[in-house]
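Have a look at entry-v2.txt below; it lists compact mmCIF, C-alpha atoms.
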```txt
# COMPACT_ATOMS: atom_id res chain seq x y z
CA MET A 187 -27.14 -52.89 -44.15
CA ILE A 188 -25.56 -52.80 -40.73
CA LYS A 189 -28.31 -53.13 -38.11
CA HIS A 190 -26.44 -53.62 -34.87
CA HIS A 191 -24.35 -50.78 -33.48
CA PRO A 192 -22.37 -50.02 -30.32
CA ASN A 193 -24.46 -47.98 -27.86
CA SER A 194 -23.74 -44.29 -27.29
CA GLU A 195 -21.84 -44.91 -24.06
CA LEU A 196 -19.40 -47.20 -25.86
CA LEU A 197 -19.02 -44.73 -28.73
CA GLU A 198 -18.25 -41.93 -26.27
CA LYS A 199 -15.64 -43.96 -24.46
CA PHE A 200 -14.19 -44.98 -27.80
CA ALA A 201 -13.93 -41.34 -28.90
CA ASP A 202 -12.23 -40.52 -25.60
CA GLY A 203 -9.75 -43.37 -26.03
CA GLU A 204 -10.79 -44.91 -22.73
CA LEU A 205 -11.57 -48.49 -23.73
CA PRO A 206 -9.21 -51.46 -23.55
CA ALA A 207 -7.47 -52.09 -26.88
CA SER A 208 -9.44 -55.29 -27.55
CA ILE A 209 -12.82 -53.53 -27.26
CA ALA A 210 -11.59 -50.39 -29.02
CA ALA A 211 -10.49 -52.60 -31.94
CA GLY A 212 -14.02 -54.06 -32.18
CA ILE A 213 -15.56 -50.61 -32.32
CA ALA A 214 -12.94 -49.42 -34.80
CA ILE A 215 -13.81 -52.32 -37.11
CA HIS A 216 -17.48 -51.38 -36.90
CA VAL A 217 -16.82 -47.65 -37.39
CA GLU A 218 -14.67 -48.40 -40.44
CA MET A 219 -17.69 -50.16 -42.02
CA CYS A 220 -20.56 -48.05 -40.62
CA PRO A 221 -20.90 -44.49 -41.97
CA VAL A 222 -23.47 -43.59 -39.28
CA CYS A 223 -21.20 -44.43 -36.34
CA LYS A 224 -18.25 -42.90 -38.18
CA VAL A 225 -20.03 -39.54 -38.24
CA ALA A 226 -21.10 -39.99 -34.60
CA VAL A 227 -17.50 -40.57 -33.49
CA ALA A 228 -16.27 -37.60 -35.54
CA GLU A 229 -18.89 -35.38 -33.87
CA LEU A 230 -18.05 -36.63 -30.39
CA THR A 231 -14.37 -35.96 -31.03
CA GLU A 232 -15.15 -32.46 -32.24
CA GLN A 233 -17.28 -31.76 -29.15
CA ARG A 234 -14.53 -32.98 -26.85
CA SER A 235 -11.88 -30.90 -28.54
CA ALA A 236 -14.15 -27.83 -28.39
CA ILE A 237 -14.64 -28.30 -24.64
CA HIS A 238 -10.95 -28.83 -23.90
CA PHE A 239 -9.18 -26.65 -26.43
CA GLU A 240 -11.39 -23.64 -26.95
CA SER A 241 -11.29 -22.05 -23.56
CA SER A 242 -8.13 -20.58 -22.13
CA ASP A 243 -9.47 -20.99 -18.56
CA LEU A 244 -8.59 -24.63 -18.79
CA GLU A 245 -4.84 -24.33 -18.80
CA MET A 246 -2.01 -25.27 -16.54
CA PRO A 247 0.54 -22.46 -16.78
CA MET A 248 3.99 -23.38 -18.06
CA SER A 249 7.12 -21.32 -17.57
CA GLU A 250 8.68 -19.55 -20.55
CA LEU A 251 11.88 -21.45 -19.90
CA ASN A 252 10.07 -24.76 -19.98
CA ILE A 253 8.28 -23.88 -23.22
CA ALA A 254 11.49 -22.73 -24.90
CA SER A 255 13.43 -25.84 -23.94
CA MET A 256 10.68 -28.25 -25.00
CA VAL A 257 10.21 -26.49 -28.33
CA GLU A 258 13.97 -26.57 -28.84
CA GLU A 259 14.15 -30.28 -28.12
CA ILE A 260 11.23 -31.22 -30.35
CA THR A 261 12.31 -29.14 -33.35
CA LEU A 262 15.88 -30.41 -33.16
CA SER A 263 14.96 -33.20 -35.53
CA ASP A 264 13.56 -32.39 -38.95
CA GLU A 265 12.22 -35.87 -39.55
CA ILE A 266 8.61 -36.29 -40.50
CA ASP A 267 6.30 -39.28 -40.25
CA ILE A 268 5.24 -40.35 -43.70
CA ALA A 269 1.80 -41.93 -43.78
CA ILE A 270 1.87 -45.24 -45.51
CA ALA A 271 -0.65 -45.24 -48.32
CA ASP A 272 -1.14 -48.91 -48.81
CA LYS A 273 -1.72 -50.70 -45.54
CA GLU A 274 -4.11 -53.36 -46.70
CA LYS A 275 -3.32 -56.77 -45.31
CA SER A 276 -5.06 -59.93 -46.37
CA ILE A 277 -5.14 -63.30 -44.71
CA SER A 278 -6.01 -66.75 -45.89
CA VAL A 279 -7.87 -69.15 -43.59
CA LYS A 280 -8.73 -72.65 -44.78
CA GLY A 281 -8.74 -71.56 -48.40
CA GLU A 282 -10.79 -68.38 -47.82
CA GLU A 283 -9.20 -64.99 -48.49
CA TYR A 284 -10.09 -62.01 -46.35
CA ILE A 285 -8.91 -58.40 -46.22
CA LEU A 286 -8.23 -57.51 -42.61
CA PRO A 287 -9.95 -54.44 -41.21
CA ARG A 288 -7.47 -51.61 -40.74
CA ALA A 289 -7.85 -51.80 -36.96
CA LEU A 290 -6.36 -55.30 -36.93
CA THR A 291 -3.45 -54.80 -39.31
CA ASN A 292 -0.85 -54.27 -36.59
CA MET A 293 -2.24 -56.51 -33.86
CA ALA A 294 0.03 -59.48 -33.27
CA MET A 295 -1.83 -62.70 -34.11
CA SER A 296 -1.15 -66.32 -33.21
CA LYS A 297 -1.24 -69.21 -35.66
CA TRP A 298 -4.64 -70.61 -36.61
CA SER A 299 -5.92 -73.70 -34.86
CA SER A 300 -9.13 -75.52 -35.62
CA ILE A 301 -11.79 -77.91 -34.36
CA GLY A 302 -14.42 -79.11 -36.84
CA HIS A 303 -15.97 -76.16 -38.65
CA LEU A 304 -14.26 -73.64 -36.39
CA ALA A 305 -10.87 -72.03 -36.82
CA ARG A 306 -9.44 -69.48 -34.44
CA ALA A 307 -6.43 -67.20 -34.13
CA ARG A 308 -5.77 -65.23 -30.98
CA PHE A 309 -4.45 -61.70 -30.70
CA SER A 310 -1.72 -61.14 -28.18
CA ILE A 311 -3.21 -58.06 -26.56
CA ASP A 312 -2.23 -58.85 -22.95
CA GLU A 313 -5.41 -57.63 -21.33
CA GLU A 314 -6.38 -60.67 -19.27
CA PRO A 315 -9.09 -61.65 -18.56
CA LEU A 316 -10.07 -60.11 -21.90
CA ARG A 317 -9.22 -62.26 -24.87
CA ALA A 318 -9.55 -61.23 -28.49
CA SER A 319 -9.64 -63.62 -31.43
CA LEU A 320 -10.55 -63.97 -35.05
CA LEU A 321 -13.00 -66.80 -35.44
CA GLN A 322 -13.90 -68.42 -38.72
CA ILE A 323 -16.99 -70.59 -38.96
CA GLN A 324 -17.01 -72.44 -42.25
CA ALA A 325 -20.11 -72.59 -44.45
CA GLY A 326 -22.77 -74.77 -42.88
CA GLY A 327 -21.01 -74.69 -39.51
CA SER A 328 -22.39 -73.74 -36.13
CA VAL A 329 -21.45 -73.16 -32.53
CA PRO A 330 -23.49 -75.30 -30.09
CA GLU A 331 -26.02 -73.49 -27.90
CA HIS A 332 -24.23 -71.66 -25.14
CA THR A 333 -24.51 -68.86 -22.63
CA HIS A 334 -21.73 -66.53 -21.65
CA LYS A 335 -20.42 -66.52 -18.16
CA GLY A 336 -19.06 -63.07 -18.80
CA PHE A 337 -19.74 -61.06 -21.93
CA GLU A 338 -19.01 -61.78 -25.55
CA LEU A 339 -18.47 -59.16 -28.22
CA THR A 340 -18.72 -60.24 -31.84
CA VAL A 341 -18.07 -57.99 -34.82
CA LEU A 342 -18.77 -59.61 -38.14
CA VAL A 343 -15.91 -58.96 -40.53
CA ASP A 344 -17.14 -61.09 -43.42
CA GLY A 345 -20.12 -63.34 -44.25
CA HIS A 346 -23.29 -63.89 -42.22
CA PHE A 347 -24.59 -65.88 -39.31
CA GLU A 348 -27.91 -66.22 -37.58
CA ASP A 349 -29.08 -67.16 -34.12
CA GLU A 350 -32.32 -67.06 -32.11
CA LEU A 351 -32.09 -63.26 -32.01
CA GLY A 352 -31.66 -62.50 -35.70
CA ILE A 353 -29.51 -62.53 -38.83
CA TYR A 354 -26.21 -60.69 -38.82
CA GLY A 355 -24.06 -59.40 -41.67
CA PRO A 356 -20.70 -57.66 -42.22
CA GLY A 357 -20.12 -54.79 -39.78
CA ASP A 358 -22.77 -55.86 -37.26
CA PHE A 359 -21.68 -55.28 -33.66
CA ILE A 360 -23.16 -57.80 -31.22
CA LEU A 361 -22.62 -57.57 -27.48
CA LEU A 362 -24.04 -60.44 -25.41
CA ASP A 363 -23.94 -60.99 -21.67
CA ALA A 364 -24.74 -63.82 -19.28
CA GLU A 365 -28.51 -63.40 -19.79
CA HIS A 366 -28.37 -64.54 -23.39
CA THR A 367 -28.32 -68.03 -24.76
CA HIS A 368 -27.60 -68.49 -28.43
CA SER A 369 -26.52 -71.01 -31.03
CA PRO A 370 -25.09 -69.27 -34.08
CA VAL A 371 -25.34 -70.99 -37.46
CA THR A 372 -23.79 -69.82 -40.71
CA LYS A 373 -24.90 -70.79 -44.22
CA ASP A 374 -22.25 -68.95 -46.22
CA GLY A 375 -19.47 -69.08 -43.65
CA CYS A 376 -18.20 -66.09 -41.71
CA LEU A 377 -15.22 -64.42 -40.13
CA CYS A 378 -15.76 -62.68 -36.78
CA TYR A 379 -13.66 -60.60 -34.46
CA THR A 380 -14.54 -61.65 -30.92
CA VAL A 381 -13.71 -60.46 -27.43
CA ALA A 382 -14.74 -62.42 -24.34
CA ASN A 383 -13.86 -62.24 -20.67
CA ASP A 384 -14.76 -65.80 -19.73
CA ALA A 385 -15.29 -69.19 -21.33
CA GLN A 386 -18.63 -69.95 -23.00
CA HIS A 387 -20.86 -72.33 -21.18
CA PHE A 388 -22.67 -74.98 -23.19
CA THR A 389 -26.18 -75.65 -22.01
CA GLN A 390 -27.63 -78.62 -23.83
CA GLY A 391 -27.29 -82.40 -23.59
CA ILE A 392 -24.34 -83.81 -25.38
CA ASN A 393 -22.99 -80.33 -25.97
CA LYS A 394 -22.12 -80.12 -22.31
CA LEU A 395 -19.37 -82.53 -23.23
CA LEU A 396 -18.15 -79.97 -25.69
CA ASN A 397 -16.99 -77.55 -23.07
CA PRO A 398 -13.46 -77.62 -24.45
CA ILE A 399 -14.97 -75.72 -27.39
CA GLY A 400 -16.06 -73.12 -24.87
CA SER A 401 -12.53 -72.45 -23.85
CA PHE A 402 -11.39 -72.82 -27.47
CA ILE A 403 -13.60 -69.93 -28.49
CA TYR A 404 -12.80 -67.83 -25.43
CA MET B 54 -37.35 -8.52 -15.13
CA GLY B 55 -36.70 -5.35 -17.10
CA GLN B 56 -35.37 -7.11 -20.15
CA SER B 57 -37.80 -8.63 -22.64
CA ILE B 58 -37.34 -12.22 -23.70
CA ASP B 59 -36.83 -11.02 -27.24
CA SER B 60 -33.96 -8.75 -26.44
CA MET B 61 -32.43 -11.38 -24.18
CA LEU B 62 -32.52 -13.86 -27.02
CA GLN B 63 -31.11 -11.27 -29.36
CA ASN B 64 -28.26 -10.57 -26.99
CA LYS B 65 -27.59 -14.24 -26.68
CA ALA B 66 -27.60 -14.70 -30.42
CA GLN B 67 -25.21 -11.80 -30.86
CA HIS B 68 -22.98 -13.19 -28.16
CA ALA B 69 -23.01 -16.63 -29.80
CA LYS B 70 -22.22 -15.05 -33.14
CA ALA B 71 -19.30 -13.14 -31.64
CA ILE B 72 -17.99 -16.34 -30.09
CA SER B 73 -18.30 -18.31 -33.30
CA MET B 74 -16.50 -15.55 -35.23
CA GLU B 75 -13.75 -15.56 -32.66
CA LYS B 76 -13.50 -19.32 -33.07
CA GLU B 77 -13.23 -19.04 -36.81
CA ILE B 78 -10.39 -16.56 -36.52
CA GLU B 79 -8.68 -18.77 -33.95
CA HIS B 80 -9.10 -21.87 -36.15
CA LYS B 81 -7.69 -20.00 -39.11
CA ALA B 82 -4.62 -18.96 -37.12
CA ILE B 83 -4.02 -22.51 -35.86
CA ALA B 84 -4.49 -23.98 -39.33
CA ASP B 85 -1.97 -21.47 -40.72
CA TRP B 86 0.57 -22.41 -38.05
CA LEU B 87 0.13 -26.08 -38.88
CA THR B 88 0.59 -25.37 -42.58
CA ASN B 89 3.76 -23.37 -41.92
CA VAL B 90 5.13 -26.15 -39.76
CA ALA B 91 4.35 -28.72 -42.45
CA GLN B 92 5.65 -26.78 -45.41
CA LYS B 93 8.44 -24.66 -43.98
CA ARG B 94 9.36 -26.49 -40.79
CA ASP B 95 8.65 -23.08 -39.23
CA LYS B 96 9.84 -23.03 -35.62
CA ARG B 97 8.06 -19.80 -34.76
CA ALA B 98 4.73 -21.18 -35.92
CA PHE B 99 5.43 -24.31 -33.90
CA THR B 100 6.16 -22.19 -30.82
CA GLU B 101 2.74 -20.55 -31.24
CA LEU B 102 1.09 -23.96 -31.48
CA PHE B 103 3.00 -25.06 -28.41
CA ARG B 104 1.90 -21.99 -26.42
CA PHE B 105 -1.71 -22.57 -27.42
CA PHE B 106 -1.96 -26.32 -26.86
CA ALA B 107 0.66 -27.46 -24.35
CA PRO B 108 -0.84 -25.81 -21.21
CA LYS B 109 -4.28 -27.17 -22.15
CA ILE B 110 -2.97 -30.67 -22.77
CA GLN B 111 -1.03 -30.54 -19.51
CA ARG B 112 -4.27 -29.73 -17.69
CA ILE B 113 -6.41 -32.35 -19.45
CA ALA B 114 -3.85 -35.11 -18.87
CA THR B 115 -3.20 -34.12 -15.25
CA SER B 116 -6.89 -34.19 -14.38
CA LYS B 117 -7.37 -37.46 -16.25
CA TYR B 118 -4.40 -39.38 -14.86
CA GLY B 119 -3.76 -37.49 -11.62
CA ASN B 120 -0.07 -37.59 -12.36
CA GLU B 121 1.91 -34.56 -13.48
CA SER B 122 4.92 -36.35 -14.88
CA LEU B 123 2.75 -38.65 -16.97
CA ALA B 124 0.88 -35.55 -18.12
CA ALA B 125 4.19 -33.94 -19.10
CA GLU B 126 4.95 -37.01 -21.16
CA VAL B 127 1.60 -36.68 -22.94
CA VAL B 128 2.44 -33.03 -23.72
CA GLN B 129 5.90 -33.94 -25.00
CA GLU B 130 4.66 -36.82 -27.18
CA THR B 131 1.63 -34.95 -28.53
CA MET B 132 3.61 -31.86 -29.49
CA THR B 133 6.35 -34.01 -31.02
CA ASN B 134 3.72 -35.68 -33.19
CA VAL B 135 2.23 -32.31 -34.13
CA TRP B 136 5.73 -31.30 -35.32
CA ARG B 137 6.28 -34.54 -37.21
CA LYS B 138 2.78 -35.06 -38.61
CA ALA B 139 1.57 -31.53 -39.37
CA HIS B 140 1.57 -32.41 -43.09
CA LEU B 141 -1.24 -34.90 -42.41
CA PHE B 142 -3.61 -32.14 -41.26
CA ASP B 143 -6.26 -31.38 -43.86
CA ALA B 144 -8.22 -28.18 -43.21
CA SER B 145 -11.09 -29.35 -45.42
CA LYS B 146 -11.72 -32.35 -43.14
CA GLY B 147 -12.31 -30.49 -39.87
CA ALA B 148 -11.13 -28.00 -37.27
CA PRO B 149 -7.39 -27.90 -36.46
CA THR B 150 -8.25 -28.15 -32.74
CA THR B 151 -10.02 -31.46 -33.44
CA TRP B 152 -6.97 -32.73 -35.31
CA VAL B 153 -4.64 -31.91 -32.41
CA TYR B 154 -7.16 -33.46 -30.00
CA THR B 155 -7.01 -36.66 -32.08
CA VAL B 156 -3.22 -36.65 -31.95
CA MET B 157 -3.39 -36.22 -28.16
CA ARG B 158 -6.00 -38.95 -27.71
CA ASN B 159 -3.91 -41.37 -29.79
CA VAL B 160 -0.70 -40.57 -27.92
CA SER B 161 -2.44 -41.03 -24.55
CA PHE B 162 -3.95 -44.35 -25.62
CA ASP B 163 -0.58 -45.80 -26.73
CA LEU B 164 1.19 -44.43 -23.68
CA LEU B 165 -1.34 -45.91 -21.25
CA ARG B 166 -1.27 -49.24 -23.03
CA LYS B 167 2.52 -49.22 -22.70
CA ILE B 168 2.18 -48.68 -18.97
CA LYS B 169 -0.71 -51.08 -18.31
CA SER B 170 -0.02 -53.96 -20.68
CA LYS B 171 3.68 -53.37 -21.35
CA LYS B 172 2.80 -53.31 -25.03
CA GLU B 173 4.45 -50.97 -27.50
CA ASP B 174 2.27 -51.91 -30.43
CA ASN B 175 1.06 -48.32 -31.05
CA LEU B 176 -2.38 -49.35 -32.27
CA SER B 177 -4.01 -45.93 -31.97
CA ASP B 178 -3.38 -44.72 -35.52
CA ASP B 179 -5.13 -47.85 -36.80
CA PHE B 180 -8.14 -47.32 -34.51
CA TRP B 181 -8.38 -43.58 -35.09
CA PRO B 182 -6.69 -42.89 -38.43
CA LEU B 183 -5.10 -39.45 -38.75
CA VAL B 184 -5.29 -39.86 -42.49
CA GLU B 185 -8.89 -40.48 -43.37
CA SER B 186 -9.44 -43.28 -45.77
CA VAL B 187 -6.84 -45.47 -47.37
CA GLU B 188 -8.48 -45.49 -50.80
CA GLU B 189 -8.39 -41.72 -50.95
CA ASP B 190 -4.71 -41.65 -50.14
CA VAL B 191 -3.94 -44.18 -52.79
CA LYS B 192 -5.80 -42.07 -55.32
CA VAL B 193 -3.90 -38.95 -54.37
CA PHE B 194 -0.63 -40.79 -54.64
CA GLU B 195 -1.55 -42.28 -57.98
CA ASP B 196 -2.70 -38.95 -59.37
CA HIS B 197 0.60 -37.36 -58.62
CA LEU B 198 2.62 -40.44 -59.34
CA ALA B 199 4.29 -39.39 -56.13
CA SER B 200 4.51 -42.84 -54.70
CA LYS B 201 6.36 -44.20 -57.74
CA GLU B 202 8.68 -41.22 -57.77
CA MET B 203 9.32 -41.65 -54.09
CA MET B 204 10.13 -45.33 -54.51
CA ALA B 205 12.45 -44.55 -57.41
CA CYS B 206 14.23 -41.96 -55.26
CA ILE B 207 14.53 -44.35 -52.36
CA ASP B 208 16.06 -46.95 -54.66
CA LYS B 209 18.75 -44.44 -55.65
CA LEU B 210 19.88 -44.05 -52.05
CA PRO B 211 23.08 -45.75 -50.89
CA ASP B 212 22.29 -49.18 -49.44
CA PRO B 213 22.77 -48.36 -45.73
CA GLN B 214 20.35 -45.41 -46.02
CA LYS B 215 17.92 -47.39 -48.14
CA SER B 216 17.53 -50.14 -45.58
CA VAL B 217 16.98 -47.64 -42.76
CA VAL B 218 14.35 -45.70 -44.73
CA LYS B 219 12.52 -48.86 -45.76
CA GLY B 220 12.61 -50.31 -42.28
CA PHE B 221 11.48 -47.11 -40.62
CA TYR B 222 8.76 -45.93 -43.01
CA PHE B 223 7.51 -49.05 -44.69
CA MET B 224 8.00 -51.75 -42.09
CA GLU B 225 7.37 -49.33 -39.24
CA MET B 226 10.32 -50.48 -37.18
CA SER B 227 11.45 -48.09 -34.48
CA GLN B 228 14.91 -46.54 -34.64
CA GLU B 229 15.90 -48.70 -31.68
CA GLN B 230 14.69 -51.87 -33.39
CA LEU B 231 16.58 -50.91 -36.54
CA ALA B 232 19.77 -50.30 -34.58
CA GLU B 233 19.49 -53.75 -33.07
CA HIS B 234 18.47 -55.39 -36.33
CA LEU B 235 21.30 -53.85 -38.36
CA ASP B 236 23.72 -54.07 -35.45
CA VAL B 237 24.83 -50.42 -35.57
CA PRO B 238 24.61 -47.69 -32.91
CA LEU B 239 21.34 -45.74 -32.56
CA GLY B 240 23.15 -42.52 -33.51
CA THR B 241 24.12 -44.06 -36.84
CA ILE B 242 20.49 -44.93 -37.59
CA LYS B 243 19.47 -41.37 -36.77
CA SER B 244 22.11 -39.81 -38.98
CA ARG B 245 21.38 -42.22 -41.85
CA LEU B 246 17.70 -41.27 -41.69
CA ARG B 247 18.55 -37.59 -41.60
CA LEU B 248 20.87 -37.88 -44.60
CA ALA B 249 18.39 -40.02 -46.50
CA LEU B 250 15.53 -37.57 -45.93
CA ALA B 251 17.67 -34.61 -46.97
CA ARG B 252 18.56 -36.46 -50.14
CA LEU B 253 14.96 -37.48 -50.81
CA LYS B 254 13.79 -33.90 -50.37
CA GLN B 255 16.42 -32.82 -52.87
CA HIS B 256 15.43 -35.51 -55.41
CA MET B 257 11.73 -34.84 -55.06
CA GLY B 258 12.41 -31.14 -55.40
CA GLU B 259 14.27 -31.68 -58.68
CA ILE B 260 11.40 -33.67 -60.13
CA HIS B 261 8.82 -31.08 -59.23
CA ASP B 262 10.81 -28.02 -60.22
```

Represent the structure from my file as C-alpha cells, please.
Amino acid sequence: MIKHHPNSELLEKFADGELPASIAAGIAIHVEMCPVCKVAVAELTEQRSAIHFESSDLEMPMSELNIASMVEEITLSDEIDIAIADKEKSISVKGEEYILPRALTNMAMSKWSSIGHLARARFSIDEEPLRASLLQIQAGGSVPEHTHKGFELTVLVDGHFEDELGIYGPGDFILLDAEHTHSPVTKDGCLCYTVANDAQHFTQGINKLLNPIGSFIY
Amino acid sequence: MGQSIDSMLQNKAQHAKAISMEKEIEHKAIADWLTNVAQKRDKRAFTELFRFFAPKIQRIATSKYGNESLAAEVVQETMTNVWRKAHLFDASKGAPTTWVYTVMRNVSFDLLRKIKSKKEDNLSDDFWPLVESVEEDVKVFEDHLASKEMMACIDKLPDPQKSVVKGFYFMEMSQEQLAEHLDVPLGTIKSRLRLALARLKQHMGEIHD
C-alpha cells in the first residue's frame, strides 16, 4: 500500500506541466504506481482542458490565410508516429535486477559509482542546482543521520526503508526539507529515485567526517 | 425577488443540461474528426480540428509565456502531433478535448525544456503517456499478431529503408540524427521513410484483406 503521496499543489503543477523535469519524473513514477493519484491527475487534466478548450471566448483570432498555410504545411507529410509497445527497460545494479519506471526510460544516466552499501547513478537533466539520481542501498545498509540544507525528494522504486518517521515501500513519495533529520535504514535493500537541491548535512559525531557521502548522495 | 428559488434552480439545471448536451455534441464532432484524420488522413477533418483548437492554443500559450512567437511554435507543434498521432486517441478513455490538451501540455513541456536546459530529450510522453498502459498495448498487439506481422513486413524492406524505419520508430532517433548517423542528406532520410511507410501500408493491407 502506498501511504505517502505528492500534495495537491504538486499534482496540479504536474498536470499543468509546470514542474522541472527532475521533479516531474518523481511524480510520474509515483503516479505510474499509485491508482489514486493517477485518477487525480486525469481529473485535473480534464478540468484544465474543459476550462481552456470548451469556451470560444478564449481564442486568439487567426487569419484564414494563416490557417490555410499552416494546415497545408502540416498535412504535407503523411508520416505517423507509431507508439512503441514494448518500452520496458531493466537495469542491473550490484547483482540486483530492476525494471525502470517508464518515466525514467529515456533519461540519460551516468555510470554507477559506489561507497560502502550505497550505489548511485546520476541523471543528466541539466537543471542545476537540482540533481536527480538513482540510489541503491543494499540490504542491511543505511545512510547516516543527516538533515537537508535544501530539500530532498525520494520516490521508492523498489524495496523498503525506514527512518524515524516511518516505514516506506514501493511508490511512496517522500519530500523532506531542512527541518527534518533522518537516518534511513533498509533491511531488504532498496532502489530510490532522488532529487535534491543541496548536499546533505551529517549531524552526528563521527558521521560529520562522512560529509563526502553528503555530496555523493546529492 | 420575483423568482422562487425552486424555479431558479430549475432554470439553472435546464441550462446546465443544455450546456452538457452541447458539449456532448461538440465532443462527438471532434472525436469524429480525429478518427477521420487517423483512418483516412482526411485533410478537411484536420482543418476543422485546426480551426477549433489552434486559436485557443495560441491564446493559452501566449498568456502563459507572454511571447507570441513561442506560442505560435506551440500551436504548430501541437497541431503537427495531432495530425501524426490521431490514431492514438481512444474515445473510450476520455474526451477528445482532454486528449488534445495532453498533446499540447506535452509539446509545451518539451519545448520549454529545450529552451531552458538546452535538452532535446523529449521526456513528456514518458511522464504523461498518450497511450495508457504498456501492458494493455502489448495485449492488443499480441491479440492481433500485428506486431509480428509488422516486424515481418519491416524485414522485407530494402536495407536502406529498413535501417531508417528501425532507427526512427524503434530507437527513436530523429530524422536529423539518422541523416548524420547514416551519412546521407536529410531529404534522403525523409524519402526513405515515406517509401517505407507506403510499402508497409501496402503489405499490412494485403494481410488484412

Exercise for review: For B:Glu126, work out the shell of residues within 12 Å, counting all atoms listed in the file and skipping chain neighbours fewer than 4 positions away, then give it as a ChimeraX atom specification.
Suggested key: /A:256 /B:107,110-111,114-115,118,120-122,130-133,157,160-161,163-165

Practice item. Dig up all the protein and nucleic acid residues within 12 Å of (-12.7, -28.4, -35.9) in the file frame, using only C-alpha atoms, and format them as number ranges by chain. Key: A: 228-237, 239-240; B: 73, 76-77, 79-81, 83-84, 142-155

Considering all atoms listed in the file, extract the chain B residues located within 6 Å of chain A and return them as a short mmCIF file (atom, residue, chain, number, x, y, z; two decimals) with C-alpha atoms, in the coordinates of the input.
```cif
data_model
loop_
_atom_site.label_atom_id
_atom_site.label_comp_id
_atom_site.auth_asym_id
_atom_site.auth_seq_id
_atom_site.Cartn_x
_atom_site.Cartn_y
_atom_site.Cartn_z
CA PRO B 108 -0.84 -25.81 -21.21
CA LYS B 109 -4.28 -27.17 -22.15
CA ARG B 112 -4.27 -29.73 -17.69
CA THR B 133 6.35 -34.01 -31.02
CA ARG B 137 6.28 -34.54 -37.21
CA LYS B 138 2.78 -35.06 -38.61
CA THR B 151 -10.02 -31.46 -33.44
CA TYR B 154 -7.16 -33.46 -30.00
CA PHE B 162 -3.95 -44.35 -25.62
CA SER B 170 -0.02 -53.96 -20.68
CA ASP B 179 -5.13 -47.85 -36.80
CA PHE B 180 -8.14 -47.32 -34.51
CA ASP B 190 -4.71 -41.65 -50.14
CA VAL B 191 -3.94 -44.18 -52.79
#
```

Check your understanding: Which is closer to A:Glu348 than all the others in A:Ser300, A:Ser328, A:Thr372, A:Asn383, using only C-alpha atoms?
Key -> A:Thr372

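The nearest approach to A:Pro221 among the residues A:Ile188, A:Leu320, A:Ile277, A:Leu362, with all atoms listed in the file taken into account, belongs to A:Ile188.
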
Which centre and edge lengths in Å to one decimal define the box along x, y and z that fits every listed atom of stretch 312-322 of chain A plus 3 Å per side, as AutoDock Vina command-line options?
```
--center_x -8.1 --center_y -63.0 --center_z -28.6 --size_x 17.7 --size_y 16.8 --size_z 26.2
```

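For the pair atom CA of A:Val341 and atom CA of A:Leu286, the separation is 12.6 Å.
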
Study note, to complete from the structure: From the list A:Val371, A:Leu251, A:Met219, A:Leu196, the nearest residue to A:Gly352 using all atoms listed in the file is A:Val371

Practice item. Within 8 Å of B:Ala139, counting all atoms listed in the file, which residues show up once you throw out same-chain ones fewer than 6 positions away? Write them as a PyMOL selection string, please. Key: chain B and resi 87-88+90-91

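Pairwise distance (atom CA of A:Leu351, atom CA of A:Glu195) equals 22.5 Å.
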
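The list of residues within 7 Å of (-16.6, -65.3, -18.0), counted using only C-alpha atoms, is A:His334, A:Lys335, A:Gly336, A:Phe337, A:Asn383, A:Asp384, A:Ala385.
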
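When the distance limit is 8 Å and only C-alpha atoms are what count, the residues near stretch 239-243 of chain B, minus those fewer than 2 positions from it on the same chain, are Val217, Gln228, Glu229, Leu231, Ala232, Val237, Arg245, Leu246 and Arg247 of chain B.
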
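Pairwise distance (atom CA of A:Leu321, atom CA of A:Trp298) equals 9.3 Å.
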
Check your understanding: Near A:Gln324, counting all atoms listed in the file, which residues have an atom at most 10 Å away, once you skip same-chain residues fewer than 4 positions from it, shown as a PyMOL selection string?
Key -> chain A and resi 279-280+282+302-305+328+345+371-377

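Shortest separation to B:Pro182 among A:Ile323, A:Ile209, A:Lys224, A:Tyr379 occurs at residue A:Lys224, atoms counted being all atoms listed in the file.
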
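Distances to A:Lys199 were evaluated for B:Arg94, B:Glu101, B:Leu250, B:Arg158 using all atoms listed in the file, and the minimum falls at B:Arg158.
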